[in-house]
file model-v4.pdb (PDB, C-alpha atoms)
ATOM      1  CA  LEU A 738       0.000   0.000   0.000
ATOM      2  CA  HIS A 739       1.446   3.385  -1.047
ATOM      3  CA  GLY A 740       4.665   1.619  -2.052
ATOM      4  CA  GLN A 741       5.199   0.060   1.377
ATOM      5  CA  ARG A 742       6.334  -3.547   1.485
ATOM      6  CA  VAL A 743       5.829  -6.269   4.058
ATOM      7  CA  HIS A 744       8.582  -8.754   4.806
ATOM      8  CA  GLY A 745       8.769 -12.305   6.050
ATOM      9  CA  PHE A 746       9.829 -15.842   5.251
ATOM     10  CA  LEU A 747       8.102 -18.434   3.100
ATOM     11  CA  GLY A 748       8.808 -22.150   3.307
ATOM     12  CA  VAL A 749       7.630 -24.263   0.354
ATOM     13  CA  PRO A 750       7.738 -28.063   0.717
ATOM     14  CA  THR A 751       9.569 -30.170  -1.814
ATOM     15  CA  GLY A 752       7.500 -32.515  -3.885
ATOM     16  CA  LYS A 753       4.249 -32.040  -5.707
ATOM     17  CA  GLY A 754       1.546 -29.831  -4.244
ATOM     18  CA  PRO A 755      -0.952 -28.589  -3.437
ATOM     19  CA  PHE A 756      -0.214 -28.252   0.288
ATOM     20  CA  PRO A 757      -1.932 -27.139   3.486
ATOM     21  CA  ALA A 758      -0.690 -23.772   4.766
ATOM     22  CA  ALA A 759       0.163 -22.235   8.127
ATOM     23  CA  VAL A 760       0.777 -18.517   8.727
ATOM     24  CA  PHE A 761       2.583 -17.205  11.813
ATOM     25  CA  PHE A 762       2.338 -13.650  13.152
ATOM     26  CA  PRO A 763       5.038 -12.305  15.508
ATOM     27  CA  GLY A 764       4.886 -10.960  19.009
ATOM     28  CA  ALA A 765       5.906  -7.345  19.621
ATOM     29  CA  GLY A 766       9.524  -6.357  19.109
ATOM     30  CA  PRO A 767      12.157  -6.251  16.372
ATOM     31  CA  GLY A 768      10.620  -9.196  14.507
ATOM     32  CA  TRP A 769      12.016 -12.319  12.889
ATOM     33  CA  GLY A 770      15.405 -11.779  11.273
ATOM     34  CA  ARG A 771      15.602 -15.369  10.139
ATOM     35  CA  PRO A 772      13.087 -18.183   9.680
ATOM     36  CA  ILE A 773      12.342 -20.374  12.684
ATOM     37  CA  ASP A 774      12.206 -24.095  12.040
ATOM     38  CA  VAL A 775       8.820 -25.164  13.368
ATOM     39  CA  GLY A 776       9.084 -28.544  11.629
ATOM     40  CA  LEU A 777       6.170 -28.023   9.253
ATOM     41  CA  THR A 778       7.695 -27.376   5.841
ATOM     42  CA  CYS A 779       9.527 -30.704   5.894
ATOM     43  CA  ARG A 780       6.174 -32.348   6.626
ATOM     44  CA  GLY A 781       4.515 -30.885   3.572
ATOM     45  CA  VAL A 782       3.058 -27.639   4.956
ATOM     46  CA  LEU A 783       3.441 -24.237   3.300
ATOM     47  CA  THR A 784       4.801 -22.008   6.070
ATOM     48  CA  LEU A 785       4.639 -18.205   6.020
ATOM     49  CA  MET A 786       6.192 -16.109   8.801
ATOM     50  CA  LEU A 787       5.367 -12.401   8.531
ATOM     51  CA  ASN A 788       6.981  -9.349  10.115
ATOM     52  CA  VAL A 789       5.249  -6.103  11.060
ATOM     53  CA  HIS A 790       7.939  -3.618  10.070
ATOM     54  CA  PRO A 791       8.216  -1.852   6.700
ATOM     55  CA  TYR A 792      11.807  -3.020   6.202
ATOM     56  CA  ALA A 793      13.698  -6.294   6.010
ATOM     57  CA  VAL A 794      14.622  -7.262   9.572
ATOM     58  CA  ALA A 795      18.340  -7.872  10.120
ATOM     59  CA  SER A 796      19.333 -11.452  10.954
ATOM     60  CA  ASP A 797      21.534 -10.286  13.837
ATOM     61  CA  THR A 798      19.454  -9.607  16.950
ATOM     62  CA  GLU A 799      21.415  -6.516  17.999
ATOM     63  CA  ALA A 800      21.196  -5.064  14.497
ATOM     64  CA  ALA A 801      17.454  -5.795  14.407
ATOM     65  CA  ALA A 802      16.986  -3.980  17.718
ATOM     66  CA  ALA A 803      18.942  -1.013  16.350
ATOM     67  CA  GLN A 804      16.771  -0.962  13.221
ATOM     68  CA  LEU A 805      13.632  -0.775  15.304
ATOM     69  CA  LYS A 806      15.074   1.932  17.552
ATOM     70  CA  GLU A 807      15.929   4.034  14.498
ATOM     71  CA  TYR A 808      12.477   3.511  12.973
ATOM     72  CA  VAL A 809      10.717   4.554  16.167
ATOM     73  CA  ALA A 810      13.007   7.556  16.655
ATOM     74  CA  SER A 811      12.336   8.729  13.090
ATOM     75  CA  HIS A 812       8.646   9.063  14.007
ATOM     76  CA  ARG A 813       9.383  10.781  17.326
ATOM     77  CA  VAL A 814       7.412   8.318  19.410
ATOM     78  CA  GLN A 815       8.421   5.807  22.071
ATOM     79  CA  SER A 816       6.986   2.703  20.413
ATOM     80  CA  TYR A 817       6.147   1.665  16.864
ATOM     81  CA  LEU A 818       2.668   0.892  18.187
ATOM     82  CA  ALA A 819       2.239   4.668  18.491
ATOM     83  CA  VAL A 820       3.392   5.484  14.945
ATOM     84  CA  GLY A 821       0.646   7.388  13.141
ATOM     85  CA  ALA A 822      -1.906   6.557  15.833
ATOM     86  CA  SER A 823      -3.698   9.894  15.400
ATOM     87  CA  ALA A 824      -5.583   8.623  12.332
ATOM     88  CA  PRO A 825      -6.607   5.192  10.973
ATOM     89  CA  ASP A 826      -4.924   5.635   7.591
ATOM     90  CA  THR A 827      -1.570   6.702   9.065
ATOM     91  CA  PHE A 828      -1.375   4.090  11.823
ATOM     92  CA  HIS A 829       1.616   1.738  11.699
ATOM     93  CA  PHE A 830      -0.585  -1.293  11.007
ATOM     94  CA  HIS A 831      -2.576   0.311   8.178
ATOM     95  CA  GLY A 832      -0.120  -0.619   5.454
ATOM     96  CA  ILE A 833       0.998  -3.758   7.291
ATOM     97  CA  LEU A 834      -2.454  -5.373   7.327
ATOM     98  CA  ALA A 835      -3.030  -4.457   3.692
ATOM     99  CA  GLY A 836       0.344  -5.975   2.855
ATOM    100  CA  PHE A 837      -0.511  -9.136   4.762
ATOM    101  CA  CYS A 838      -3.633  -9.510   2.631
ATOM    102  CA  ARG A 839      -1.535  -9.248  -0.528
ATOM    103  CA  ALA A 840       0.996 -11.750   0.831
ATOM    104  CA  LEU A 841      -1.836 -14.182   1.522
ATOM    105  CA  ASP A 842      -3.259 -13.583  -1.943
ATOM    106  CA  TYR A 843       0.117 -14.590  -3.369
ATOM    107  CA  LEU A 844       0.298 -17.675  -1.169
ATOM    108  CA  CYS A 845      -3.228 -18.804  -2.003
ATOM    109  CA  THR A 846      -3.220 -18.132  -5.746
ATOM    110  CA  HIS A 847       0.243 -19.369  -6.728
ATOM    111  CA  ALA A 848      -0.297 -22.347  -9.008
ATOM    112  CA  GLY A 849       0.108 -25.682  -7.272
ATOM    113  CA  TRP A 850       0.773 -24.336  -3.778
ATOM    114  CA  TRP A 851      -2.251 -24.022  -1.482
ATOM    115  CA  ASP A 852      -4.701 -26.912  -1.332
ATOM    116  CA  GLY A 853      -7.679 -24.583  -0.881
ATOM    117  CA  ARG A 854      -8.860 -26.441   2.236
ATOM    118  CA  HIS A 855      -6.369 -25.873   5.068
ATOM    119  CA  LEU A 856      -5.152 -22.403   6.080
ATOM    120  CA  VAL A 857      -4.206 -21.855   9.736
ATOM    121  CA  PHE A 858      -3.320 -18.520  11.377
ATOM    122  CA  GLU A 859      -1.398 -18.434  14.650
ATOM    123  CA  GLY A 860       0.218 -15.872  16.941
ATOM    124  CA  ALA A 861       0.435 -14.642  20.537
ATOM    125  CA  SER A 862       0.185 -11.176  22.123
ATOM    126  CA  GLN A 863       0.769  -8.844  19.160
ATOM    127  CA  GLY A 864       0.606 -11.995  17.045
ATOM    128  CA  GLY A 865      -2.728 -12.803  18.676
ATOM    129  CA  PHE A 866      -4.057  -9.394  17.658
ATOM    130  CA  LEU A 867      -2.858 -10.014  14.107
ATOM    131  CA  THR A 868      -4.355 -13.509  14.089
ATOM    132  CA  LEU A 869      -7.776 -12.134  15.018
ATOM    133  CA  ALA A 870      -7.509  -9.173  12.668
ATOM    134  CA  MET A 871      -6.421 -11.248   9.694
ATOM    135  CA  SER A 872      -8.927 -14.003  10.438
ATOM    136  CA  GLY A 873     -11.618 -11.344  10.136
ATOM    137  CA  LEU A 874     -10.154  -9.660   7.057
ATOM    138  CA  TYR A 875      -9.397 -12.979   5.338
ATOM    139  CA  ALA A 876     -12.489 -14.794   6.577
ATOM    140  CA  ASP A 877     -13.318 -16.325   3.202
ATOM    141  CA  LYS A 878     -10.179 -18.491   3.205
ATOM    142  CA  VAL A 879      -8.766 -19.044   6.713
ATOM    143  CA  THR A 880      -9.918 -22.379   8.121
ATOM    144  CA  ARG A 881      -8.644 -22.221  11.729
ATOM    145  CA  ALA A 882      -7.245 -19.508  14.005
ATOM    146  CA  LEU A 883      -5.165 -19.803  17.174
ATOM    147  CA  ALA A 884      -4.829 -16.494  19.051
ATOM    148  CA  GLY A 885      -2.831 -16.495  22.275
ATOM    149  CA  VAL A 886      -3.398 -13.631  24.752
ATOM    150  CA  PRO A 887      -4.180 -11.154  21.933
ATOM    151  CA  TYR A 888      -3.079  -7.537  22.315
ATOM    152  CA  LEU A 889      -5.124  -4.381  21.553
ATOM    153  CA  CYS A 890      -8.475  -6.002  22.354
ATOM    154  CA  ASP A 891     -11.113  -3.649  23.754
ATOM    155  CA  PHE A 892      -8.520  -0.878  23.689
ATOM    156  CA  PRO A 893     -10.496   1.756  25.661
ATOM    157  CA  ARG A 894     -10.861  -0.595  28.623
ATOM    158  CA  ASN A 895      -7.097  -0.936  29.018
ATOM    159  CA  HIS A 896      -6.255   2.645  27.964
ATOM    160  CA  PRO A 897      -9.047   4.867  29.297
ATOM    161  CA  ASP A 898      -6.823   7.955  29.306
ATOM    162  CA  ALA A 899      -5.711   7.671  25.668
ATOM    163  CA  ALA A 900      -6.204  10.693  23.433
ATOM    164  CA  PRO A 901      -9.568  10.821  21.628
ATOM    165  CA  ALA A 902      -7.824  10.592  18.238
ATOM    166  CA  THR A 903      -5.984   7.469  19.342
ATOM    167  CA  LEU A 904      -9.201   5.857  20.595
ATOM    168  CA  HIS A 905     -10.813   6.643  17.252
ATOM    169  CA  THR A 906      -7.923   5.025  15.378
ATOM    170  CA  MET A 907      -7.795   1.937  17.553
ATOM    171  CA  ALA A 908     -11.493   1.297  16.998
ATOM    172  CA  TYR A 909     -10.614   0.488  13.376
ATOM    173  CA  TYR A 910      -8.035  -2.115  14.414
ATOM    174  CA  ASP A 911      -9.464  -3.427  17.689
ATOM    175  CA  PRO A 912      -9.785  -7.236  17.504
ATOM    176  CA  ALA A 913     -12.966  -6.923  19.548
ATOM    177  CA  ASN A 914     -14.448  -5.277  16.441
ATOM    178  CA  LEU A 915     -12.694  -7.235  13.678
ATOM    179  CA  ALA A 916     -13.417 -10.582  15.349
ATOM    180  CA  ALA A 917     -17.079 -10.261  14.426
ATOM    181  CA  TRP A 918     -16.132 -11.232  10.855
ATOM    182  CA  ILE A 919     -14.390 -14.471  11.854
ATOM    183  CA  ARG A 920     -16.125 -17.607  10.586
ATOM    184  CA  CYS A 921     -13.528 -20.350  11.063
ATOM    185  CA  PRO A 922     -13.041 -22.396  14.265
ATOM    186  CA  LEU A 923     -11.228 -20.189  16.770
ATOM    187  CA  GLN A 924      -9.122 -20.998  19.811
ATOM    188  CA  MET A 925      -8.006 -18.229  22.185
ATOM    189  CA  SER A 926      -6.125 -18.084  25.473
ATOM    190  CA  VAL A 927      -5.794 -15.630  28.345
ATOM    191  CA  ALA A 928      -3.103 -15.108  30.971
ATOM    192  CA  PHE A 929      -2.183 -12.781  33.819
ATOM    193  CA  ALA A 930       1.541 -12.225  33.226
ATOM    194  CA  ASP A 931       1.225  -9.608  30.473
ATOM    195  CA  GLY A 932      -0.455  -6.446  31.702
ATOM    196  CA  SER A 933      -0.957  -5.218  28.139
ATOM    197  CA  CYS A 934      -3.308  -8.136  27.434
ATOM    198  CA  PRO A 935      -5.541  -8.475  30.539
ATOM    199  CA  PRO A 936      -8.153 -11.261  30.465
ATOM    200  CA  ALA A 937     -11.141  -8.881  30.445
ATOM    201  CA  THR A 938     -10.032  -7.394  27.125
ATOM    202  CA  VAL A 939      -9.436 -10.824  25.585
ATOM    203  CA  PHE A 940     -12.909 -11.950  26.639
ATOM    204  CA  SER A 941     -14.347  -8.905  24.855
ATOM    205  CA  ALA A 942     -12.872 -10.171  21.587
ATOM    206  CA  PHE A 943     -13.844 -13.756  22.328
ATOM    207  CA  HIS A 944     -17.499 -12.884  22.913
ATOM    208  CA  ALA A 945     -17.555 -10.673  19.811
ATOM    209  CA  ALA A 946     -16.058 -13.340  17.530
ATOM    210  CA  GLY A 947     -18.479 -14.521  14.867
ATOM    211  CA  ALA A 948     -17.070 -18.056  14.793
ATOM    212  CA  ALA A 949     -19.637 -20.780  15.446
ATOM    213  CA  GLN A 950     -16.924 -22.904  17.042
ATOM    214  CA  LYS A 951     -14.723 -21.053  19.539
ATOM    215  CA  GLN A 952     -12.979 -21.934  22.750
TER     216      GLN A 952
END
call {"tool": "encode", "arguments": {"input": "model-v4.pdb", "output": "structure tokens"}}
result
Amino acid sequence: LHGQRVHGFLGVPTGKGPFPAAVFFPGAGPGWGRPIDVGLTCRGVLTLMLNVHPYAVASDTEAAAAQLKEYVASHRVQSYLAVGASAPDTFHFHGILAGFCRALDYLCTHAGWWDGRHLVFEGASQGGFLTLAMSGLYADKVTRALAGVPYLCDFPRNHPDAAPATLHTMAYYDPANLAAWIRCPLQMSVAFADGSCPPATVFSAFHAAGAAQKQ
């Protein structure tokens, strides 16, 4: 969107397709600088690992942290989650979510790749937010979603003192709103260790989810 790219890693099994597919969304931070072997590609599963930054993440962890620090500093905020938060179409995740949709289009339409029947989304915390968001936006194709302690759910509950413009923006991205479009079986989890993802906010998204099968 607007010339912005999304970055990640794609694992394509050897042998003749089509294949089932699994998509992984990252937790908050610098992102994945190299693919993580989750043991699926060698078992015949298309594996896509996506990053949330508009640049290719360095493979070295220190360099990746420096990249993120520079990106955040260039926007004069303290976190990339605050980049462009004053309006929905300037928010950090605006171009990222659009790019994810295009990446999934590529995965699902490439000849001989996706089997058209199995497409799983998975992530925790920030990745849980992205799992819910993308399961709503890509509801016509995703077949199962696993969202662990998703972030940004019911944003006003956890951030009652946020600026009105920020609350307006977050309403566009809040999983508690996007989850209503989810149709595939959905599994979610809650926990108490991460104060940014309190159980009450996760339950807001869970109850709003349109999936007939959810737990």
call {"tool": "closest_atom_pairs", "arguments": {"input": "model-v4.pdb", "of": "segment 779-878 of chain A", "to": "segment 913-935 of chain A", "cutoff": "7 Å", "atoms": "all atoms listed in the file", "output": "Markdown table"}}
result
| residue | atom | partner | partner_atom | distance |
| --- | --- | --- | --- | --- |
| A:Leu869 | CA | A:Ala916 | CA | 5.9 |
| A:Ala870 | CA | A:Leu915 | CA | 5.6 |
| A:Ser872 | CA | A:Ile919 | CA | 5.7 |
| A:Gly873 | CA | A:Ile919 | CA | 4.5 |
| A:Ala876 | CA | A:Ile919 | CA | 5.6 |
call {"tool": "residues_around", "arguments": {"input": "model-v4.pdb", "residues": "Gly853 of chain A", "least_positions_apart": "3", "cutoff": "8 Å", "atoms": "all atoms listed in the file", "output": "VMD selection string"}}
result
chain A and resid 757 845 856 878
call {"tool": "closest_residue", "arguments": {"input": "model-v4.pdb", "among": "A:His744, A:Val814, A:Gly770, A:Ala819", "to": "Glu799 of chain A", "atoms": "all atoms listed in the file"}}
result
A:Gly770
call {"tool": "atom_distance", "arguments": {"input": "model-v4.pdb", "atom1": "atom CA of Phe762 of chain A", "atom2": "atom CA of Ala802 of chain A"}}
result
18.1 Å
call {"tool": "residues_around", "arguments": {"input": "model-v4.pdb", "residues": "Ala801 of chain A", "least_positions_apart": "6", "cutoff": "6 Å", "atoms": "only C-alpha atoms", "output": "PDB file with C-alpha atoms, in the coordinates of the input"}}
result
ATOM      1  CA  PRO A 767      12.157  -6.251  16.372  1.00  0.00           C
ATOM      2  CA  VAL A 794      14.622  -7.262   9.572  1.00  0.00           C
ATOM      3  CA  ALA A 795      18.340  -7.872  10.120  1.00  0.00           C
TER       4      ALA A 795
END
call {"tool": "atom_distance", "arguments": {"input": "model-v4.pdb", "atom1": "atom CA of His847 of chain A", "atom2": "atom CA of Gly864 of chain A"}}
result
24.9 Å
call {"tool": "closest_residue", "arguments": {"input": "model-v4.pdb", "among": "A:Thr846, A:Trp851, A:Pro750, A:Val820", "to": "Gly832 of chain A", "atoms": "only C-alpha atoms"}}
result
A:Val820
call {"tool": "residues_around", "arguments": {"input": "model-v4.pdb", "residues": "segment 888-898 of chain A", "least_positions_apart": "4", "cutoff": "6 Å", "atoms": "all atoms listed in the file", "output": "list in words"}}
result
Ser862, Gln863, Phe866, Asp911, Pro912, Ala913, Cys934, Thr938 and Val939 of chain A
call {"tool": "atom_distance", "arguments": {"input": "model-v4.pdb", "atom1": "atom CA of Gln952 of chain A", "atom2": "atom CA of Ile833 of chain A"}}
result
27.7 Å
call {"tool": "residues_around", "arguments": {"input": "model-v4.pdb", "residues": "Ala861 of chain A", "least_positions_apart": "4", "cutoff": "9 Å", "atoms": "only C-alpha atoms", "output": "list in words"}}
result
Phe762, Pro763, Gly764, Gly865, Phe866, Leu867, Thr868, Leu883, Ala884, Gly885, Val886, Pro887, Tyr888 and Ser926 of chain A
call {"tool": "residues_around", "arguments": {"input": "model-v4.pdb", "residues": "Ser823 of chain A", "least_positions_apart": "2", "cutoff": "10 Å", "atoms": "all atoms listed in the file", "output": "mmCIF file with C-alpha atoms, in the coordinates of the input"}}
result
data_model
loop_
_atom_site.group_PDB
_atom_site.id
_atom_site.type_symbol
_atom_site.label_atom_id
_atom_site.label_comp_id
_atom_site.auth_asym_id
_atom_site.auth_seq_id
_atom_site.Cartn_x
_atom_site.Cartn_y
_atom_site.Cartn_z
ATOM 1 C CA ALA A 819 2.239 4.668 18.491
ATOM 2 C CA VAL A 820 3.392 5.484 14.945
ATOM 3 C CA GLY A 821 0.646 7.388 13.141
ATOM 4 C CA PRO A 825 -6.607 5.192 10.973
ATOM 5 C CA ASP A 826 -4.924 5.635 7.591
ATOM 6 C CA THR A 827 -1.570 6.702 9.065
ATOM 7 C CA PHE A 828 -1.375 4.090 11.823
ATOM 8 C CA ALA A 900 -6.204 10.693 23.433
ATOM 9 C CA PRO A 901 -9.568 10.821 21.628
ATOM 10 C CA ALA A 902 -7.824 10.592 18.238
ATOM 11 C CA THR A 903 -5.984 7.469 19.342
ATOM 12 C CA LEU A 904 -9.201 5.857 20.595
ATOM 13 C CA HIS A 905 -10.813 6.643 17.252
ATOM 14 C CA THR A 906 -7.923 5.025 15.378
ATOM 15 C CA MET A 907 -7.795 1.937 17.553
#
call {"tool": "resolve_selection", "arguments": {"input": "model-v4.pdb", "expression": "the PyMOL selection byres ((chain A and resi 792) around 8)", "output": "list in words"}}
result
Arg742, Val743, His744, His790, Pro791, Ala793 and Val794 of chain A
call {"tool": "decode", "arguments": {"input": "model-v4.pdb", "residues": "segment 836-851 of chain A", "atoms": "N, CA, C and O atoms", "output": "CSV table (one decimal), in the first residue's frame"}}
result
chain,number,residue,atom,x,y,z
A,836,GLY,N,-0.7,-5.2,3.4
A,836,GLY,CA,0.3,-6.0,2.9
A,836,GLY,C,0.2,-7.5,3.2
A,836,GLY,O,0.5,-8.3,2.4
A,837,PHE,N,-0.3,-7.7,4.4
A,837,PHE,CA,-0.5,-9.1,4.8
A,837,PHE,C,-1.6,-9.8,3.8
A,837,PHE,O,-1.5,-10.9,3.4
A,838,CYS,N,-2.6,-9.0,3.5
A,838,CYS,CA,-3.6,-9.5,2.6
A,838,CYS,C,-3.0,-9.8,1.3
A,838,CYS,O,-3.4,-10.9,0.7
A,839,ARG,N,-2.2,-9.0,0.8
A,839,ARG,CA,-1.5,-9.2,-0.5
A,839,ARG,C,-0.6,-10.4,-0.5
A,839,ARG,O,-0.5,-11.3,-1.4
A,840,ALA,N,0.1,-10.6,0.7
A,840,ALA,CA,1.0,-11.7,0.8
A,840,ALA,C,0.2,-13.0,0.8
A,840,ALA,O,0.6,-14.1,0.2
A,841,LEU,N,-1.0,-13.0,1.5
A,841,LEU,CA,-1.8,-14.2,1.5
A,841,LEU,C,-2.5,-14.5,0.2
A,841,LEU,O,-2.6,-15.6,-0.2
A,842,ASP,N,-2.8,-13.4,-0.6
A,842,ASP,CA,-3.3,-13.6,-1.9
A,842,ASP,C,-2.2,-14.3,-2.8
A,842,ASP,O,-2.6,-15.2,-3.5
A,843,TYR,N,-1.0,-13.9,-2.6
A,843,TYR,CA,0.1,-14.6,-3.4
A,843,TYR,C,0.2,-16.1,-3.0
A,843,TYR,O,0.3,-16.9,-3.8
A,844,LEU,N,0.2,-16.3,-1.7
A,844,LEU,CA,0.3,-17.7,-1.2
A,844,LEU,C,-0.8,-18.6,-1.7
A,844,LEU,O,-0.6,-19.7,-2.1
A,845,CYS,N,-2.0,-18.0,-1.7
A,845,CYS,CA,-3.2,-18.8,-2.0
A,845,CYS,C,-3.5,-18.9,-3.5
A,845,CYS,O,-4.3,-19.8,-3.9
A,846,THR,N,-2.9,-18.1,-4.3
A,846,THR,CA,-3.2,-18.1,-5.7
A,846,THR,C,-2.1,-18.7,-6.6
A,846,THR,O,-2.2,-18.9,-7.8
A,847,HIS,N,-0.9,-18.8,-6.0
A,847,HIS,CA,0.2,-19.4,-6.7
A,847,HIS,C,-0.1,-20.8,-7.2
A,847,HIS,O,-0.5,-21.6,-6.4
A,848,ALA,N,0.1,-21.1,-8.4
A,848,ALA,CA,-0.3,-22.3,-9.0
A,848,ALA,C,0.4,-23.5,-8.3
A,848,ALA,O,1.6,-23.5,-8.2
A,849,GLY,N,-0.4,-24.5,-7.8
A,849,GLY,CA,0.1,-25.7,-7.3
A,849,GLY,C,0.5,-25.6,-5.8
A,849,GLY,O,1.1,-26.6,-5.3
A,850,TRP,N,0.3,-24.5,-5.2
A,850,TRP,CA,0.8,-24.3,-3.8
A,850,TRP,C,-0.3,-24.7,-2.8
A,850,TRP,O,-0.3,-25.8,-2.2
A,851,TRP,N,-1.3,-23.8,-2.5
A,851,TRP,CA,-2.3,-24.0,-1.5
A,851,TRP,C,-3.3,-25.0,-1.9
A,851,TRP,O,-3.8,-25.0,-3.1
